[in-house]
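What follows is one structure encoded as structure tokens, with my remarks underneath.
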Amino acid sequence: MSTTAKTAEIRPPVTDVGVIGWLRHHLFNSGFNSIATILIFGFLIKVVPGFVQWAFIDSVWFTSGQECHQAEGACWSVITQNIRFNVFGYYPYEHQWRPLVAMLILVAMLIYSRDWNRWNKKLGYVWLVALFTMGLLMKGGLFGLIPVESTKWSGLPLTLLLSFFGILASYPLGVVLALGRQSEMPIIKSLCVVYIEMIRGVPLITMLFMSSVMFPLFLPEGVTIDKVLRAQVAIILFTAAYIAEVVRGGLQAMDKGQYEAAESLGLNYYQMMRLIILPQALKIVIPPTVGILISAFKDTSLVVIIALYDILNTTKSILTEPEWTGFSTEAYIFIAIIYYVCCFSMSQYSRKIEKELEYKYVER
């Protein structure tokens with residue numbers, strides 16, 4: 001028998017392959033990890049059965065508040081019995097199908113736009129039509145749709161509206177501010193530095209207060225701007241300042257040779273940034289940028305300061321009713337799941353972009 005044949009018959013030890021091998025290499029590969037694994041498993045064994053008993057076995061799902069107070073387990077009825085107000089808030093009850101359709105259009109467009117191969121002018125036109133349709137459904141006033149004031153926009157549609165347009169507009173604005181801060185023109189650089197440092201020096205709550213209370217004082221008498229629009233602008237301006245600093249870090253991480261190579265090719269400033277510098281700089285800062293965007297998504301709950309009710313605050317309104325008092329745990333678990341799904345989706349999409357860009361540059 002040849003040496004090659006003998007080698008082919010040799011198999012790795014059972015403890016190095018399969019489930020046992022995975023456990024050994026990932027959970028019990030050192031003394032510290034072994035002790036930590038045992039402690040975590042002990043904690044789960046003690047906690048999980050009680051949670052399952054409370055959340056699923058002894059729980060009630062479709063009962064009234066009085067029956068919930070007599071139940072031993074979780075009262076998920078606080079969600080199921082108030083789901084429409086929880087999701088749509090103060091939007092007129094008989095017209096709540098309109099924000100539902102608008103949210104479905106938004107989610108469908110986001111899912112369809114995940115593939116970069118579909119990014120072209122045609123997709124841009126489709127987005128314009130989708131955004132117009134969503135705005136028409138929410139606002140009304142045309143095609144027989146009854147107008148609905150923006151003050152009644154609340155719940156999950158308001159959260160998605162503020163977060164989506166906040167992310168969509170703040171990212172390019174942040175890139176422009178970062179380029180302005182790196183500019184060699186003193187006036188532009190000074191303006192960008194003052195703006196970024198001033199915005200980063202105040203909390204978002206202050207920006208929302210200014211947009212709601214102080215900004216209207218500077219408008220001519222009789223002129224008003226929609227409260228949702230003012231909150232949206234405040235979120236965009238606030239988030240853009242943080243994105244600008246992250247993008248500036250990416251620009252500073254670029255090797256000076258990249259700039260010199262671009263100039264040697266005869267590229268002007270716009271071409272150099274669009275074709276050479278920004279694609280590489282933005283790729284470097286994808287993780288911190290996504291972190292800021294996720295924070296911006298969660299910070300939309302602060303709009304309650306100016307009497308706008310996102311999904312978190314519509315839930316708080318339900319819990320103030322005597323019938324549902326005492327069931328905040330179940331309500332906040334439901335809200336936490338919604339936030340987790342949205343934030344996890346953003347995180348996974350950013351990882352997908354990183355992998356695609358990595359493969360793209362490797363192929364080149």
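In the structure tokens, chains take the letters A, B, ... in the order shown, each chain's residues start at 1, and ligands count up from 1 in the order shown.
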What lies within 10 Å of Ala331 in chain A using only C-alpha atoms, ignoring chain neighbours under 6 positions off, as a PyMOL selection string?
chain A and resi 75-79+86+312+315-316+318-319+324
### Query
Counting only C-alpha atoms, what is within 9 Å of range 338-346 of chain A, bar same-chain residues fewer than 4 positions away, as number ranges by chain?
A: 290, 293-295, 297-298, 333-334, 350-351
Just want the 10 Å neighbourhood of Asp299 in chain A, counted on only C-alpha atoms, with same-chain residues fewer than 6 positions away dropped. Output as JSON, numbers by chain.
{"A": [159, 162, 163, 204, 205, 235, 293]}
How would the residues just picked look written out with C-alpha atoms as a PDB file, in the first residue's frame?
ATOM      1  CA  THR A 159     -40.743  56.162  13.881  1.00  0.00           C
ATOM      2  CA  LEU A 162     -38.237  60.091  11.082  1.00  0.00           C
ATOM      3  CA  SER A 163     -35.541  57.413  11.051  1.00  0.00           C
ATOM      4  CA  LEU A 204     -30.521  66.028  20.611  1.00  0.00           C
ATOM      5  CA  ILE A 205     -33.194  67.097  23.095  1.00  0.00           C
ATOM      6  CA  ILE A 235     -32.610  64.906  13.591  1.00  0.00           C
ATOM      7  CA  LEU A 293     -27.263  55.499  12.195  1.00  0.00           C
TER       8      LEU A 293
END
Could you list, as number ranges by chain, every residue within 12 Å of range 34-42 of chain A, counting only C-alpha atoms and ignoring same-chain residues fewer than 6 positions away? A: 23-28, 48-49
Extract the full set of helix (DSSP H, G or I) residues from range 42-233 of chain A according to DSSP on the backbone, and format it as a ChimeraX atom specification.
/A:42-57,65-70,77-80,83-88,93-95,97-112,116-118,121-139,150-152,156-181,186-200,204-218,227-233
Next on the checklist: Please determine, counting only C-alpha atoms, which residue among A:Val228, A:Met273, A:Leu160, A:Met198 has the shortest atom-to-atom distance to Ala296 in chain A.
Outcome noted: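 Nearest candidate to Ala296 in chain A out of A:Val228, A:Met273, A:Leu160, A:Met198: A:Leu160.
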I want to know what sits within 12 Å of Gly135 in chain A, based on only C-alpha atoms, with residues of the same chain fewer than 2 positions away left out; could you give that as a list in words?
Arg98, Pro99, Val101, Ala102, Met103, Ile105, Leu106, Leu128, Val129, Ala130, Leu131, Phe132, Thr133, Leu137, Met138, Lys139, Gly140, Gly141, Leu142, Leu145, Pro147, Val148, Ser150, Trp153, Pro157, Leu158 and Leu161 of chain A
Output C-alpha atoms for every residue in the selection just made, as a short mmCIF file (atom, residue, chain, number, x, y, z; two decimals), in the first residue's frame.
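Writing the result to out_37.cif gives the following:
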data_model
loop_
_atom_site.label_atom_id
_atom_site.label_comp_id
_atom_site.auth_asym_id
_atom_site.auth_seq_id
_atom_site.Cartn_x
_atom_site.Cartn_y
_atom_site.Cartn_z
CA ARG A 98 -53.14 54.10 4.72
CA PRO A 99 -50.07 54.15 7.00
CA VAL A 101 -49.81 50.38 3.07
CA ALA A 102 -47.18 53.15 3.26
CA MET A 103 -45.04 51.04 5.63
CA ILE A 105 -44.28 50.02 0.38
CA LEU A 106 -41.25 51.30 2.31
CA LEU A 128 -39.57 58.87 -6.27
CA VAL A 129 -42.93 57.34 -7.14
CA ALA A 130 -42.88 55.24 -3.95
CA LEU A 131 -42.05 58.24 -1.76
CA PHE A 132 -44.77 60.32 -3.39
CA THR A 133 -47.26 57.50 -2.86
CA LEU A 137 -51.23 58.04 1.76
CA MET A 138 -50.09 59.61 5.01
CA LYS A 139 -51.16 63.19 4.27
CA GLY A 140 -54.13 62.67 1.97
CA GLY A 141 -55.91 65.52 0.21
CA LEU A 142 -55.90 64.01 -3.30
CA LEU A 145 -58.20 60.66 0.47
CA PRO A 147 -56.48 64.99 4.74
CA VAL A 148 -54.87 63.96 8.02
CA SER A 150 -49.28 65.53 10.74
CA TRP A 153 -49.06 60.88 12.75
CA PRO A 157 -45.18 54.98 10.91
CA LEU A 158 -43.77 58.10 12.60
CA LEU A 161 -40.60 58.18 8.80
#
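The space between CA of Val194 in chain A and CA of Leu219 in chain A spans 24.0 Å.
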With distances taken over only C-alpha atoms, the candidate from A:Arg118, A:Lys283, A:His69, A:Lys227 nearest Gly249 in chain A is A:Lys283
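Those residues that approach Arg84 in chain A to within 12 Å, counting only C-alpha atoms, are Val78, Ile79, Thr80, Phe88, Gly89, Tyr90, Tyr91, Pro92, Tyr93, Glu94, His95, Gln96, Trp97, Pro99, Leu100, Ser154, Gly155, Leu156, Pro157, Ile311, Thr314, Thr315 and Ile318 of chain A; same-chain residues fewer than 4 positions away are not listed.
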Restricting it to N, CA and C atoms, dump the selection as an mmCIF file, in the first residue's frame.
data_model
loop_
_atom_site.group_PDB
_atom_site.id
_atom_site.type_symbol
_atom_site.label_atom_id
_atom_site.label_comp_id
_atom_site.auth_asym_id
_atom_site.auth_seq_id
_atom_site.Cartn_x
_atom_site.Cartn_y
_atom_site.Cartn_z
ATOM 1 N N VAL A 78 -52.094 42.927 26.602
ATOM 2 C CA VAL A 78 -51.835 44.359 26.539
ATOM 3 C C VAL A 78 -51.338 44.755 25.151
ATOM 4 N N ILE A 79 -50.788 43.794 24.436
ATOM 5 C CA ILE A 79 -50.353 44.037 23.056
ATOM 6 C C ILE A 79 -51.466 43.710 22.076
ATOM 7 N N THR A 80 -52.029 42.525 22.175
ATOM 8 C CA THR A 80 -53.012 42.082 21.192
ATOM 9 C C THR A 80 -54.291 42.915 21.223
ATOM 10 N N PHE A 88 -50.326 52.390 15.263
ATOM 11 C CA PHE A 88 -50.725 53.572 14.490
ATOM 12 C C PHE A 88 -51.025 54.798 15.351
ATOM 13 N N GLY A 89 -51.097 54.626 16.646
ATOM 14 C CA GLY A 89 -51.282 55.763 17.533
ATOM 15 C C GLY A 89 -52.584 56.499 17.290
ATOM 16 N N TYR A 90 -52.484 57.832 17.165
ATOM 17 C CA TYR A 90 -53.661 58.689 17.048
ATOM 18 C C TYR A 90 -54.108 58.910 15.604
ATOM 19 N N TYR A 91 -53.551 58.174 14.683
ATOM 20 C CA TYR A 91 -54.018 58.283 13.294
ATOM 21 C C TYR A 91 -55.473 57.816 13.246
ATOM 22 N N PRO A 92 -56.354 58.514 12.511
ATOM 23 C CA PRO A 92 -57.782 58.150 12.500
ATOM 24 C C PRO A 92 -58.007 56.661 12.280
ATOM 25 N N TYR A 93 -58.825 56.087 13.113
ATOM 26 C CA TYR A 93 -58.999 54.630 13.149
ATOM 27 C C TYR A 93 -59.432 54.076 11.793
ATOM 28 N N GLU A 94 -60.402 54.737 11.152
ATOM 29 C CA GLU A 94 -60.945 54.194 9.899
ATOM 30 C C GLU A 94 -59.989 54.369 8.720
ATOM 31 N N HIS A 95 -58.925 55.142 8.905
ATOM 32 C CA HIS A 95 -57.960 55.354 7.816
ATOM 33 C C HIS A 95 -56.595 54.743 8.119
ATOM 34 N N GLN A 96 -56.524 53.860 9.078
ATOM 35 C CA GLN A 96 -55.232 53.291 9.446
ATOM 36 C C GLN A 96 -54.672 52.344 8.393
ATOM 37 N N TRP A 97 -55.465 51.962 7.424
ATOM 38 C CA TRP A 97 -54.937 51.153 6.329
ATOM 39 C C TRP A 97 -53.943 51.955 5.505
ATOM 40 N N PRO A 99 -51.447 54.316 6.538
ATOM 41 C CA PRO A 99 -50.066 54.151 6.996
ATOM 42 C C PRO A 99 -49.569 52.720 6.919
ATOM 43 N N LEU A 100 -50.480 51.752 7.018
ATOM 44 C CA LEU A 100 -50.070 50.352 6.866
ATOM 45 C C LEU A 100 -49.542 50.097 5.460
ATOM 46 N N SER A 154 -48.413 59.135 14.281
ATOM 47 C CA SER A 154 -47.787 58.609 15.497
ATOM 48 C C SER A 154 -47.566 57.111 15.336
ATOM 49 N N GLY A 155 -46.979 56.512 16.373
ATOM 50 C CA GLY A 155 -46.745 55.087 16.344
ATOM 51 C C GLY A 155 -45.574 54.704 15.457
ATOM 52 N N LEU A 156 -45.631 53.487 14.944
ATOM 53 C CA LEU A 156 -44.550 52.951 14.118
ATOM 54 C C LEU A 156 -44.355 53.727 12.818
ATOM 55 N N PRO A 157 -45.411 54.181 12.125
ATOM 56 C CA PRO A 157 -45.178 54.981 10.907
ATOM 57 C C PRO A 157 -44.334 56.229 11.171
ATOM 58 N N ILE A 311 -43.685 54.956 18.418
ATOM 59 C CA ILE A 311 -44.258 53.701 18.907
ATOM 60 C C ILE A 311 -43.956 53.487 20.384
ATOM 61 N N THR A 314 -46.558 55.738 22.261
ATOM 62 C CA THR A 314 -47.933 55.231 22.200
ATOM 63 C C THR A 314 -48.101 54.063 23.164
ATOM 64 N N THR A 315 -47.039 53.276 23.330
ATOM 65 C CA THR A 315 -47.080 52.183 24.306
ATOM 66 C C THR A 315 -47.194 52.731 25.722
ATOM 67 N N ILE A 318 -50.735 53.641 26.496
ATOM 68 C CA ILE A 318 -51.578 52.488 26.829
ATOM 69 C C ILE A 318 -51.398 52.099 28.290
#
Worksheet item: At what distance in Å, to one decimal, does CA of Gln258 in chain A lie from CA of Ile277 in chain A?
Response: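 CA of Ile277 in chain A sits 7.2 Å away from CA of Gln258 in chain A.
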Nearest to Gln182 in chain A, restricted to only C-alpha atoms and choosing among A:Gly201, A:Gly250, A:Thr239, A:Ala231, comes out as A:Gly250
Looking at only C-alpha atoms, which of A:Glu72, A:Glu149, A:Ile306, A:Arg114 is the one that sits closest to Ala234 in chain A?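 Checking each candidate against Ala234 in chain A, we get A:Ile306 as the closest.
The smallest atom-to-atom distance between Val175 in chain A and any of A:Gly65, A:Pro279, A:Gly257, A:Gly31, using only C-alpha atoms, is found for A:Pro279.
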Exercise. Would you work out the distance separating CA of Cys192 in chain A from CA of Leu177 in chain A, expressed in Å to one decimal?
Key: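 So the answer is 5.9 Å.
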